[in-house]
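Structure file target03.pdb; described as PDB, C-alpha atoms.
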ATOM      1  CA  MET A 964      17.965  -4.006 -53.232
ATOM      2  CA  PRO A 965      19.484  -6.313 -50.612
ATOM      3  CA  VAL A 966      20.987  -4.863 -47.457
ATOM      4  CA  ASN A 967      24.731  -4.340 -47.671
ATOM      5  CA  ALA A 968      26.259  -7.482 -46.141
ATOM      6  CA  ASP A 969      29.520  -5.614 -45.477
ATOM      7  CA  PHE A 970      27.791  -3.975 -42.521
ATOM      8  CA  GLN A 971      27.798  -7.221 -40.534
ATOM      9  CA  GLY A 972      30.211  -6.820 -37.616
ATOM     10  CA  ARG A 973      30.220  -3.034 -37.781
ATOM     11  CA  VAL A 974      30.353  -1.192 -34.456
ATOM     12  CA  TYR A 975      29.329   2.457 -34.270
ATOM     13  CA  PRO A 976      30.896   4.998 -31.923
ATOM     14  CA  PRO A 977      28.951   5.642 -28.697
ATOM     15  CA  THR A 978      26.005   7.993 -29.124
ATOM     16  CA  GLU A 979      25.468  11.296 -27.397
ATOM     17  CA  THR A 980      24.388  10.970 -23.776
ATOM     18  CA  TYR A 981      20.712  10.256 -23.126
ATOM     19  CA  ARG A 982      19.512  11.544 -19.752
ATOM     20  CA  VAL A 983      16.769   9.369 -18.255
ATOM     21  CA  SER A 984      14.122  11.586 -16.645
ATOM     22  CA  ALA A 985      11.352  10.815 -14.174
ATOM     23  CA  ALA A 986       8.921  12.625 -16.478
ATOM     24  CA  LYS A 987       9.737  10.401 -19.477
ATOM     25  CA  ILE A 988       9.542   7.271 -17.337
ATOM     26  CA  ARG A 989       6.074   8.304 -16.105
ATOM     27  CA  GLU A 990       4.913   9.086 -19.639
ATOM     28  CA  PHE A 991       6.151   5.729 -20.947
ATOM     29  CA  ALA A 992       4.702   3.742 -18.027
ATOM     30  CA  GLU A 993       1.300   5.375 -18.543
ATOM     31  CA  ALA A 994       1.417   4.655 -22.277
ATOM     32  CA  VAL A 995       2.014   0.901 -21.789
ATOM     33  CA  GLY A 996      -0.376   0.731 -18.828
ATOM     34  CA  SER A 997       2.196  -0.208 -16.203
ATOM     35  CA  SER A 998       0.620   0.687 -12.849
ATOM     36  CA  ASP A 999       3.613  -0.245 -10.647
ATOM     37  CA  PRO A1000       4.190   2.849  -8.453
ATOM     38  CA  VAL A1001       7.960   2.249  -8.756
ATOM     39  CA  HIS A1002       7.757   4.182 -12.059
ATOM     40  CA  VAL A1003       6.232   7.326 -10.539
ATOM     41  CA  ASP A1004       6.846   7.422  -6.785
ATOM     42  CA  ALA A1005      10.455   7.975  -5.725
ATOM     43  CA  ASP A1006       9.685   6.962  -2.126
ATOM     44  CA  VAL A1007       8.349   3.586  -3.278
ATOM     45  CA  ALA A1008      11.396   3.151  -5.510
ATOM     46  CA  ARG A1009      13.811   3.970  -2.675
ATOM     47  CA  SER A1010      11.963   1.601  -0.319
ATOM     48  CA  ARG A1011      12.770  -1.170  -2.824
ATOM     49  CA  GLY A1012      16.439  -0.230  -2.919
ATOM     50  CA  TYR A1013      16.538   1.874  -6.096
ATOM     51  CA  ALA A1014      18.112   5.329  -6.261
ATOM     52  CA  ASP A1015      15.008   6.899  -7.868
ATOM     53  CA  VAL A1016      12.029   5.886 -10.023
ATOM     54  CA  ILE A1017      12.882   3.120 -12.498
ATOM     55  CA  ALA A1018      11.815   2.533 -16.092
ATOM     56  CA  PRO A1019       9.470  -0.249 -17.306
ATOM     57  CA  PRO A1020      11.194  -3.281 -18.901
ATOM     58  CA  THR A1021      10.782  -2.067 -22.506
ATOM     59  CA  PHE A1022      11.666   1.616 -21.969
ATOM     60  CA  ALA A1023      15.196   1.043 -23.279
ATOM     61  CA  VAL A1024      13.772   0.674 -26.798
ATOM     62  CA  LEU A1025      13.413   4.446 -26.876
ATOM     63  CA  ILE A1026      17.184   4.842 -26.646
ATOM     64  CA  ALA A1027      18.017   1.722 -28.674
ATOM     65  CA  GLN A1028      15.915   2.854 -31.646
ATOM     66  CA  GLN A1029      17.796   6.146 -31.688
ATOM     67  CA  CYS A1030      20.986   4.088 -31.922
ATOM     68  CA  ASP A1031      19.528   1.887 -34.678
ATOM     69  CA  ALA A1032      18.752   5.014 -36.689
ATOM     70  CA  GLN A1033      22.480   5.428 -37.331
ATOM     71  CA  LEU A1034      22.377   2.232 -39.406
ATOM     72  CA  ILE A1035      18.901   2.633 -40.921
ATOM     73  CA  ARG A1036      19.615   6.171 -42.146
ATOM     74  CA  ASP A1037      23.026   5.265 -43.555
ATOM     75  CA  PRO A1038      22.537   5.298 -47.344
ATOM     76  CA  GLU A1039      25.440   2.851 -47.728
ATOM     77  CA  ALA A1040      23.499   0.225 -45.738
ATOM     78  CA  GLY A1041      20.741   0.063 -48.357
ATOM     79  CA  ILE A1042      17.824  -0.223 -45.907
ATOM     80  CA  ASP A1043      14.485   0.958 -47.329
ATOM     81  CA  PHE A1044      12.709   2.128 -44.165
ATOM     82  CA  SER A1045       9.286   1.953 -45.815
ATOM     83  CA  ARG A1046       9.758  -1.833 -46.121
ATOM     84  CA  VAL A1047      11.005  -2.412 -42.554
ATOM     85  CA  VAL A1048       9.044  -4.663 -40.180
ATOM     86  CA  HIS A1049      10.084  -5.284 -36.566
ATOM     87  CA  GLY A1050      10.717  -9.033 -36.268
ATOM     88  CA  GLU A1051      12.150  -9.627 -32.799
ATOM     89  CA  GLN A1052      13.135  -7.650 -29.735
ATOM     90  CA  ARG A1053      14.925  -8.670 -26.583
ATOM     91  CA  PHE A1054      16.234  -6.913 -23.479
ATOM     92  CA  VAL A1055      18.716  -8.084 -20.885
ATOM     93  CA  HIS A1056      18.775  -5.723 -17.917
ATOM     94  CA  HIS A1057      21.964  -5.622 -15.892
ATOM     95  CA  ARG A1058      20.096  -3.233 -13.594
ATOM     96  CA  PRO A1059      16.953  -1.117 -14.114
ATOM     97  CA  LEU A1060      17.274   2.163 -16.009
ATOM     98  CA  THR A1061      16.794   4.794 -13.308
ATOM     99  CA  ALA A1062      15.829   8.464 -13.394
ATOM    100  CA  GLY A1063      19.024  10.488 -13.370
ATOM    101  CA  ASP A1064      21.007   7.947 -15.385
ATOM    102  CA  ALA A1065      23.169   9.463 -18.121
ATOM    103  CA  VAL A1066      23.574   6.670 -20.676
ATOM    104  CA  VAL A1067      25.328   6.206 -23.981
ATOM    105  CA  GLY A1068      24.479   3.517 -26.527
ATOM    106  CA  THR A1069      26.927   1.594 -28.638
ATOM    107  CA  LEU A1070      25.387   0.003 -31.719
ATOM    108  CA  HIS A1071      26.668  -3.341 -32.980
ATOM    109  CA  VAL A1072      25.459  -4.848 -36.267
ATOM    110  CA  ASP A1073      25.525  -8.523 -35.319
ATOM    111  CA  THR A1074      24.130 -10.177 -38.465
ATOM    112  CA  VAL A1075      22.968  -9.240 -41.934
ATOM    113  CA  ARG A1076      21.382 -12.094 -43.870
ATOM    114  CA  GLN A1077      19.077 -12.736 -46.798
ATOM    115  CA  ALA A1078      16.287 -15.331 -46.771
ATOM    116  CA  GLY A1079      13.253 -15.866 -48.976
ATOM    117  CA  GLY A1080      13.760 -12.584 -50.824
ATOM    118  CA  HIS A1081      13.869 -10.603 -47.567
ATOM    119  CA  SER A1082      16.804  -9.171 -45.632
ATOM    120  CA  MET A1083      17.137  -9.611 -41.892
ATOM    121  CA  VAL A1084      19.362  -7.412 -39.775
ATOM    122  CA  THR A1085      20.066  -8.054 -36.114
ATOM    123  CA  THR A1086      21.445  -5.142 -34.131
ATOM    124  CA  ARG A1087      22.533  -4.956 -30.522
ATOM    125  CA  THR A1088      22.694  -1.775 -28.491
ATOM    126  CA  GLU A1089      24.815  -1.863 -25.373
ATOM    127  CA  LEU A1090      23.607   0.818 -22.972
ATOM    128  CA  ALA A1091      26.051   1.933 -20.316
ATOM    129  CA  THR A1092      26.391   4.907 -18.032
ATOM    130  CA  GLU A1093      28.904   7.596 -18.921
ATOM    131  CA  ALA A1094      31.033   6.056 -16.160
ATOM    132  CA  GLY A1095      31.033   2.752 -18.047
ATOM    133  CA  GLU A1096      28.581   0.688 -15.974
ATOM    134  CA  SER A1097      26.588  -1.724 -18.185
ATOM    135  CA  VAL A1098      22.860  -1.132 -17.785
ATOM    136  CA  CYS A1099      21.033  -2.914 -20.595
ATOM    137  CA  THR A1100      21.618  -4.979 -23.732
ATOM    138  CA  ALA A1101      18.841  -4.449 -26.305
ATOM    139  CA  THR A1102      18.787  -6.763 -29.334
ATOM    140  CA  SER A1103      16.522  -6.115 -32.297
ATOM    141  CA  THR A1104      15.877  -7.975 -35.537
ATOM    142  CA  ILE A1105      14.295  -6.064 -38.381
ATOM    143  CA  VAL A1106      13.012  -7.608 -41.599
ATOM    144  CA  ILE A1107      13.312  -5.588 -44.791
ATOM    145  CA  ARG A1108      10.680  -6.995 -47.131
ATOM    146  CA  GLY A1109      11.888  -7.639 -50.653
ATOM    147  CA  ALA A1110      10.047  -6.224 -53.641
ATOM    148  CA  GLU A1111       7.062  -8.365 -54.700
TER     149      GLU A1111
ATOM    150  CA  MET B 479      18.518  -4.724  -8.594
ATOM    151  CA  SER B 480      17.494  -4.238  -5.012
ATOM    152  CA  ALA B 481      20.336  -4.520  -2.548
ATOM    153  CA  GLN B 482      18.005  -5.718   0.215
ATOM    154  CA  SER B 483      18.551  -9.273   1.389
ATOM    155  CA  SER B 484      15.257  -9.716   3.246
ATOM    156  CA  SER B 485      12.063 -10.194   1.230
ATOM    157  CA  PRO B 486      10.792  -6.726   0.297
ATOM    158  CA  ALA B 487       7.104  -6.088   0.913
ATOM    159  CA  GLY B 488       4.839  -6.899  -1.983
ATOM    160  CA  VAL B 489       7.384  -8.894  -3.980
ATOM    161  CA  ARG B 490       6.385 -12.447  -4.854
ATOM    162  CA  ALA B 491       8.404 -15.107  -3.052
ATOM    163  CA  LEU B 492       9.963 -17.988  -4.979
ATOM    164  CA  ASP B 493       8.598 -20.487  -2.455
ATOM    165  CA  GLY B 494       5.251 -21.706  -3.680
ATOM    166  CA  VAL B 495       5.914 -20.943  -7.349
ATOM    167  CA  SER B 496       6.095 -23.989  -9.621
ATOM    168  CA  ALA B 497       6.498 -24.646 -13.329
ATOM    169  CA  GLY B 498       3.050 -24.857 -14.876
ATOM    170  CA  ASP B 499       1.507 -22.146 -12.656
ATOM    171  CA  ALA B 500      -0.756 -19.808 -14.608
ATOM    172  CA  LEU B 501      -0.561 -16.050 -14.017
ATOM    173  CA  PRO B 502      -3.783 -13.990 -13.856
ATOM    174  CA  SER B 503      -4.686 -13.063 -17.435
ATOM    175  CA  LEU B 504      -5.082  -9.550 -18.779
ATOM    176  CA  THR B 505      -7.000  -7.802 -21.560
ATOM    177  CA  VAL B 506      -5.272  -4.775 -23.077
ATOM    178  CA  HIS B 507      -7.644  -2.495 -24.943
ATOM    179  CA  VAL B 508      -5.972  -0.397 -27.612
ATOM    180  CA  ASP B 509      -7.503   2.380 -29.668
ATOM    181  CA  ARG B 510      -6.135   5.186 -31.860
ATOM    182  CA  ALA B 511      -5.761   7.564 -28.918
ATOM    183  CA  ARG B 512      -3.665   4.979 -27.099
ATOM    184  CA  LEU B 513      -1.378   4.580 -30.123
ATOM    185  CA  VAL B 514      -0.861   8.337 -30.351
ATOM    186  CA  GLN B 515      -0.041   8.329 -26.628
ATOM    187  CA  TYR B 516       2.488   5.504 -27.118
ATOM    188  CA  ALA B 517       3.960   7.213 -30.211
ATOM    189  CA  GLY B 518       4.653  10.324 -28.147
ATOM    190  CA  ALA B 519       5.986   8.460 -25.141
ATOM    191  CA  SER B 520       8.264   6.144 -27.147
ATOM    192  CA  LEU B 521       9.244   8.681 -29.835
ATOM    193  CA  ASP B 522       8.236   6.076 -32.474
ATOM    194  CA  ARG B 523       6.110   8.326 -34.673
ATOM    195  CA  ASN B 524       5.898   6.019 -37.696
ATOM    196  CA  ARG B 525       2.676   7.018 -39.474
ATOM    197  CA  ILE B 526       1.494   3.412 -39.932
ATOM    198  CA  HIS B 527       0.562   3.555 -36.228
ATOM    199  CA  TRP B 528      -1.805   6.526 -36.407
ATOM    200  CA  ASP B 529      -2.482   7.604 -40.010
ATOM    201  CA  GLU B 530      -5.057   5.300 -41.631
ATOM    202  CA  ARG B 531      -4.639   6.734 -45.120
ATOM    203  CA  PHE B 532      -0.871   6.304 -44.981
ATOM    204  CA  ALA B 533      -1.131   2.765 -43.552
ATOM    205  CA  LYS B 534      -3.408   1.681 -46.401
ATOM    206  CA  GLU B 535      -1.156   3.328 -48.992
ATOM    207  CA  VAL B 536       1.729   1.104 -47.879
ATOM    208  CA  GLY B 537      -0.404  -2.022 -48.129
ATOM    209  CA  LEU B 538      -1.599  -2.516 -44.554
ATOM    210  CA  PRO B 539      -5.269  -3.348 -43.877
ATOM    211  CA  ASP B 540      -5.545  -0.382 -41.462
ATOM    212  CA  VAL B 541      -3.554   1.343 -38.713
ATOM    213  CA  ILE B 542      -1.526  -1.222 -36.753
ATOM    214  CA  ALA B 543      -0.287  -1.036 -33.169
ATOM    215  CA  HIS B 544       3.423  -0.614 -32.512
ATOM    216  CA  GLY B 545       4.864  -4.082 -31.871
ATOM    217  CA  MET B 546       6.657  -2.440 -28.967
ATOM    218  CA  PHE B 547       3.302  -1.264 -27.565
ATOM    219  CA  THR B 548       2.091  -4.866 -27.538
ATOM    220  CA  MET B 549       5.372  -6.061 -26.037
ATOM    221  CA  GLY B 550       5.411  -3.329 -23.388
ATOM    222  CA  SER B 551       1.776  -3.708 -22.338
ATOM    223  CA  ALA B 552       1.890  -7.538 -22.287
ATOM    224  CA  VAL B 553       4.740  -7.607 -19.762
ATOM    225  CA  THR B 554       2.651  -5.707 -17.209
ATOM    226  CA  LEU B 555       1.076  -9.128 -16.576
ATOM    227  CA  VAL B 556       4.477 -10.277 -15.295
ATOM    228  CA  THR B 557       5.451  -7.104 -13.434
ATOM    229  CA  ASP B 558       2.096  -7.050 -11.579
ATOM    230  CA  TRP B 559       2.495 -10.720 -10.621
ATOM    231  CA  VAL B 560       6.108 -10.232  -9.478
ATOM    232  CA  GLY B 561       5.279  -7.057  -7.558
ATOM    233  CA  ASP B 562       8.277  -5.027  -8.766
ATOM    234  CA  ALA B 563       8.906  -4.066 -12.396
ATOM    235  CA  GLY B 564      12.631  -3.793 -11.655
ATOM    236  CA  ARG B 565      12.849  -7.537 -11.098
ATOM    237  CA  VAL B 566      12.196  -8.387 -14.759
ATOM    238  CA  VAL B 567      15.781  -8.933 -15.885
ATOM    239  CA  GLU B 568      15.214 -10.431 -19.344
ATOM    240  CA  TYR B 569      12.374 -10.104 -21.821
ATOM    241  CA  GLY B 570      12.219 -11.081 -25.468
ATOM    242  CA  VAL B 571       9.531 -11.624 -28.105
ATOM    243  CA  ARG B 572       8.993 -12.309 -31.786
ATOM    244  CA  PHE B 573       6.377 -10.217 -33.551
ATOM    245  CA  THR B 574       4.292 -12.766 -35.442
ATOM    246  CA  LYS B 575       1.280 -10.722 -36.607
ATOM    247  CA  PRO B 576       0.358  -7.051 -36.423
ATOM    248  CA  VAL B 577      -2.480  -5.880 -34.161
ATOM    249  CA  VAL B 578      -4.883  -4.073 -36.497
ATOM    250  CA  VAL B 579      -6.588  -1.142 -34.743
ATOM    251  CA  PRO B 580      -9.776   0.022 -36.502
ATOM    252  CA  TYR B 581     -11.127   3.525 -35.915
ATOM    253  CA  GLU B 582     -14.350   2.133 -34.472
ATOM    254  CA  GLY B 583     -13.895   0.154 -31.297
ATOM    255  CA  GLY B 584     -10.141  -0.388 -31.452
ATOM    256  CA  ALA B 585      -8.826  -3.852 -30.584
ATOM    257  CA  ASP B 586      -8.388  -6.105 -27.571
ATOM    258  CA  ILE B 587      -5.156  -7.986 -26.887
ATOM    259  CA  GLU B 588      -5.663 -11.017 -24.634
ATOM    260  CA  VAL B 589      -2.544 -11.786 -22.601
ATOM    261  CA  SER B 590      -1.895 -14.877 -20.505
ATOM    262  CA  GLY B 591       1.237 -16.278 -18.880
ATOM    263  CA  VAL B 592       2.538 -19.603 -17.578
ATOM    264  CA  VAL B 593       5.615 -20.317 -15.447
ATOM    265  CA  LYS B 594       7.943 -22.425 -17.606
ATOM    266  CA  ALA B 595      10.967 -22.774 -15.339
ATOM    267  CA  VAL B 596      12.034 -22.070 -11.764
ATOM    268  CA  ASP B 597      15.690 -21.886 -10.737
ATOM    269  CA  PRO B 598      16.048 -22.015  -6.933
ATOM    270  CA  ASP B 599      19.785 -21.161  -7.093
ATOM    271  CA  THR B 600      19.350 -17.824  -8.874
ATOM    272  CA  ARG B 601      15.719 -17.310  -7.696
ATOM    273  CA  ARG B 602      14.857 -16.731 -11.344
ATOM    274  CA  VAL B 603      11.554 -17.753 -12.903
ATOM    275  CA  THR B 604      10.839 -17.852 -16.630
ATOM    276  CA  VAL B 605       7.326 -16.908 -17.716
ATOM    277  CA  GLU B 606       6.022 -17.622 -21.188
ATOM    278  CA  LEU B 607       3.479 -15.069 -22.383
ATOM    279  CA  THR B 608       0.752 -15.647 -24.952
ATOM    280  CA  ALA B 609      -0.815 -12.611 -26.619
ATOM    281  CA  THR B 610      -3.666 -12.924 -29.103
ATOM    282  CA  THR B 611      -6.055 -10.623 -30.877
ATOM    283  CA  GLY B 612      -9.120 -11.999 -32.633
ATOM    284  CA  GLY B 613      -7.827 -15.481 -31.730
ATOM    285  CA  GLU B 614      -4.521 -15.015 -33.576
ATOM    286  CA  LYS B 615      -1.151 -15.000 -31.877
ATOM    287  CA  VAL B 616       0.596 -11.633 -32.126
ATOM    288  CA  LEU B 617       3.703 -12.527 -30.102
ATOM    289  CA  GLY B 618       5.817 -15.656 -30.407
ATOM    290  CA  ARG B 619       8.545 -17.019 -28.152
ATOM    291  CA  ALA B 620       7.582 -14.382 -25.587
ATOM    292  CA  LEU B 621       9.695 -15.114 -22.513
ATOM    293  CA  ALA B 622      10.253 -12.968 -19.448
ATOM    294  CA  VAL B 623      12.716 -13.810 -16.692
ATOM    295  CA  ALA B 624      12.197 -12.315 -13.220
ATOM    296  CA  VAL B 625      14.096 -12.588  -9.956
ATOM    297  CA  LEU B 626      11.712 -13.417  -7.101
ATOM    298  CA  ALA B 627      12.191 -12.760  -3.406
TER     299      ALA B 627
END
Kindly present the structure from the file in structure tokens form.
Amino acid sequence: MPVNADFQGRVYPPTETYRVSAAKIREFAEAVGSSDPVHVDADVARSRGYADVIAPPTFAVLIAQQCDAQLIRDPEAGIDFSRVVHGEQRFVHHRPLTAGDAVVGTLHVDTVRQAGGHSMVTTRTELATEAGESVCTATSTIVIRGAE
Amino acid sequence: MSAQSSSPAGVRALDGVSAGDALPSLTVHVDRARLVQYAGASLDRNRIHWDERFAKEVGLPDVIAHGMFTMGSAVTLVTDWVGDAGRVVEYGVRFTKPVVVPYEGGADIEVSGVVKAVDPDTRRVTVELTATTGGEKVLGRALAVAVLA
């Protein structure tokens, strides 16, 4: 079943607040093998001008994928999760995600297209603080493999 | 971004960096334990990344690494070279092939990077990353942009 093309252009309401913690940043940095002390040592982070420890460049995916779930789990969208492959991912950081940030994500469905029997969906999550400061734009393209 | 105007200690300066410069390469070893660790840290608990029986049932050759694990570990090449992870302002990749992670021995991801562009006005450099496993490219169009001191 192809993905519902009517979803192109849809914008979801902002998600619940995600609170960025030093503990989650440390856990994520260790998992990807990022040894920069800026992820774990608040004094190092402050010496570089940050308010607290900062997240590695791909940490935002954790919040963005929670936003994407709104679309993927929507039965009207027609996305079979068992056939989903991650095709592309991109981050633009307006500033680093920092421990203590309270962020909300707004999910935009930028494109829905069919090609070669597969569907491709590009979503964009705009992460901003509760106060409205833009922090990160995370763009993801998933491929939903067609039936063989 | 840092508000400091002077060059912070340990951060690579733009002067002396040229297009064509190669970054020190990196080998990322990944095994099942590492994937479980990443699954917990990232909250991506898809079973294809840790459950061999499930992965094979859905047509994969074996457990595969999270694409986001590969993306996240590859960029440490850039953050180490820059000297401050917070200076990577853009990063994007295409996932071209999965990294298959067998129970015995796991897998190695070889990561290298080359400076593609230097912009003296914005102090931004663009690094192109290459990541391979078993000689096959696992990331395509992998570009990271960092602001140097």
| message | Quick check: residues of chain A within 9 Å of chain B, all atoms listed in the file, returned as an MDAnalysis selection string. | response | chainID A and resid 987:988 990:1002 1010:1013 1017:1022 1024:1025 1028 1045:1046 1049:1060 1102 1104
| task | Name all residues at most 12 Å from Ile1042 in chain A (count all atoms listed in the file; drop same-chain ones fewer than 2 positions away) and give them as a ChimeraX atom specification. | result | /A:964-968,970,1031-1040,1044-1048,1075,1081-1084,1105-1109
Keeping only C-alpha atoms, write the selected residues to a file as a tab-separated table (two decimals), keeping the file's coordinate frame.
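Output contents, as saved in selection-v2.tsv:
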chain	number	residue	atom	x	y	z
A	964	MET	CA	17.96	-4.01	-53.23
A	965	PRO	CA	19.48	-6.31	-50.61
A	966	VAL	CA	20.99	-4.86	-47.46
A	967	ASN	CA	24.73	-4.34	-47.67
A	968	ALA	CA	26.26	-7.48	-46.14
A	970	PHE	CA	27.79	-3.98	-42.52
A	1031	ASP	CA	19.53	1.89	-34.68
A	1032	ALA	CA	18.75	5.01	-36.69
A	1033	GLN	CA	22.48	5.43	-37.33
A	1034	LEU	CA	22.38	2.23	-39.41
A	1035	ILE	CA	18.90	2.63	-40.92
A	1036	ARG	CA	19.61	6.17	-42.15
A	1037	ASP	CA	23.03	5.26	-43.56
A	1038	PRO	CA	22.54	5.30	-47.34
A	1039	GLU	CA	25.44	2.85	-47.73
A	1040	ALA	CA	23.50	0.22	-45.74
A	1044	PHE	CA	12.71	2.13	-44.16
A	1045	SER	CA	9.29	1.95	-45.82
A	1046	ARG	CA	9.76	-1.83	-46.12
A	1047	VAL	CA	11.00	-2.41	-42.55
A	1048	VAL	CA	9.04	-4.66	-40.18
A	1075	VAL	CA	22.97	-9.24	-41.93
A	1081	HIS	CA	13.87	-10.60	-47.57
A	1082	SER	CA	16.80	-9.17	-45.63
A	1083	MET	CA	17.14	-9.61	-41.89
A	1084	VAL	CA	19.36	-7.41	-39.78
A	1105	ILE	CA	14.30	-6.06	-38.38
A	1106	VAL	CA	13.01	-7.61	-41.60
A	1107	ILE	CA	13.31	-5.59	-44.79
A	1108	ARG	CA	10.68	-7.00	-47.13
A	1109	GLY	CA	11.89	-7.64	-50.65
| Atomic separation - CA of Thr505 in chain B relative to CA of Ile587 in chain B, Å | 5.6 Å
| message | For Asp529 in chain B, find every residue with an atom within 8 Å (counting all atoms listed in the file), except residues of its own chain fewer than 4 positions away, and show them as a PyMOL selection string. | response | chain B and resi 525+533+541
| Residues matched by the PyMOL selection byres ((chain A and resi 1093) around 9), written as a list in words |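 Checked against the file, the PyMOL selection byres ((chain A and resi 1093) around 9) matches Thr980, Asp1064, Ala1065, Val1066, Val1067, Ala1091, Thr1092, Ala1094, Gly1095 and Glu1096 of chain A.
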| Gap from CA of Arg602 in chain B to CA of Ala624 in chain B - Å, one decimal |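 According to the coordinates, CA of Arg602 in chain B and CA of Ala624 in chain B are separated by 5.5 Å.
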| said: Starting from the PyMOL selection byres ((chain B and resi 599) around 12), expand the selection into actual residues of this file and give them as number ranges by chain. | reply: B: 492, 596-598, 600-603, 625-627
| request: For CA of Val1098 in chain A and CA of Gln1029 in chain A, quote the distance in Å rounded to one decimal. | output: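 Straight-line distance from CA of Val1098 in chain A to CA of Gln1029 in chain A works out to 16.5 Å.
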| Pick from A:Leu1090, A:Ala1027, A:Val1072, A:Ala1062: nearest to Ala986 in chain A, with all atoms listed in the file counted? | A:Ala1062
Per-axis box centre and lengths in Å around range 1081-1089 of chain A, 3 Å margin per side, axis-aligned, as JSON:
{"center_x": 19.3, "center_y": -6.2, "center_z": -36.5, "size_x": 16.9, "size_y": 14.8, "size_z": 28.2}
| message | Given the PyMOL selection byres ((chain B and resi 499-504) around 6) and the file above, list the residues it selects as number ranges by chain. | response | B: 496-498, 505, 589-593
| message | Calculated over all atoms listed in the file, which of the candidates B:Leu538, B:Ala543, B:Val560, B:Ala511 has the smallest distance to Val605 in chain B? | response |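 Closest to Val605 in chain B, using all atoms listed in the file: B:Val560.
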How would range 590-607 of chain B look with N, CA and C atoms restored, written as a compact mmCIF listing (two decimals), in the coordinates of the input?
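Result file follows (result-v9.txt):
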# COMPACT_ATOMS: atom_id res chain seq x y z
N SER B 590 -1.95 -13.90 -21.60
CA SER B 590 -1.90 -14.88 -20.50
C SER B 590 -0.44 -15.29 -20.31
N GLY B 591 -0.15 -15.91 -19.18
CA GLY B 591 1.24 -16.28 -18.88
C GLY B 591 1.30 -17.55 -18.05
N VAL B 592 2.33 -18.34 -18.30
CA VAL B 592 2.54 -19.60 -17.58
C VAL B 592 4.00 -19.68 -17.15
N VAL B 593 4.24 -20.11 -15.92
CA VAL B 593 5.62 -20.32 -15.45
C VAL B 593 6.20 -21.53 -16.16
N LYS B 594 7.31 -21.33 -16.87
CA LYS B 594 7.94 -22.42 -17.61
C LYS B 594 9.08 -23.05 -16.83
N ALA B 595 9.79 -22.25 -16.04
CA ALA B 595 10.97 -22.77 -15.34
C ALA B 595 11.20 -22.00 -14.06
N VAL B 596 11.71 -22.68 -13.06
CA VAL B 596 12.03 -22.07 -11.76
C VAL B 596 13.44 -22.52 -11.40
N ASP B 597 14.31 -21.55 -11.12
CA ASP B 597 15.69 -21.89 -10.74
C ASP B 597 15.93 -21.44 -9.29
N PRO B 598 15.91 -22.40 -8.34
CA PRO B 598 16.05 -22.02 -6.93
C PRO B 598 17.41 -21.38 -6.62
N ASP B 599 18.45 -21.70 -7.38
CA ASP B 599 19.78 -21.16 -7.09
C ASP B 599 19.85 -19.66 -7.38
N THR B 600 19.29 -19.25 -8.51
CA THR B 600 19.35 -17.82 -8.87
C THR B 600 18.06 -17.10 -8.49
N ARG B 601 17.05 -17.83 -8.01
CA ARG B 601 15.72 -17.31 -7.70
C ARG B 601 15.04 -16.73 -8.93
N ARG B 602 15.44 -17.23 -10.10
CA ARG B 602 14.86 -16.73 -11.34
C ARG B 602 13.72 -17.63 -11.81
N VAL B 603 12.64 -17.01 -12.27
CA VAL B 603 11.55 -17.75 -12.90
C VAL B 603 11.42 -17.26 -14.34
N THR B 604 11.09 -18.19 -15.23
CA THR B 604 10.84 -17.85 -16.63
C THR B 604 9.35 -17.99 -16.90
N VAL B 605 8.76 -16.91 -17.40
CA VAL B 605 7.33 -16.91 -17.72
C VAL B 605 7.18 -16.82 -19.22
N GLU B 606 6.35 -17.72 -19.76
CA GLU B 606 6.02 -17.62 -21.19
C GLU B 606 4.69 -16.91 -21.34
N LEU B 607 4.69 -15.85 -22.15
CA LEU B 607 3.48 -15.07 -22.38
C LEU B 607 2.84 -15.48 -23.70
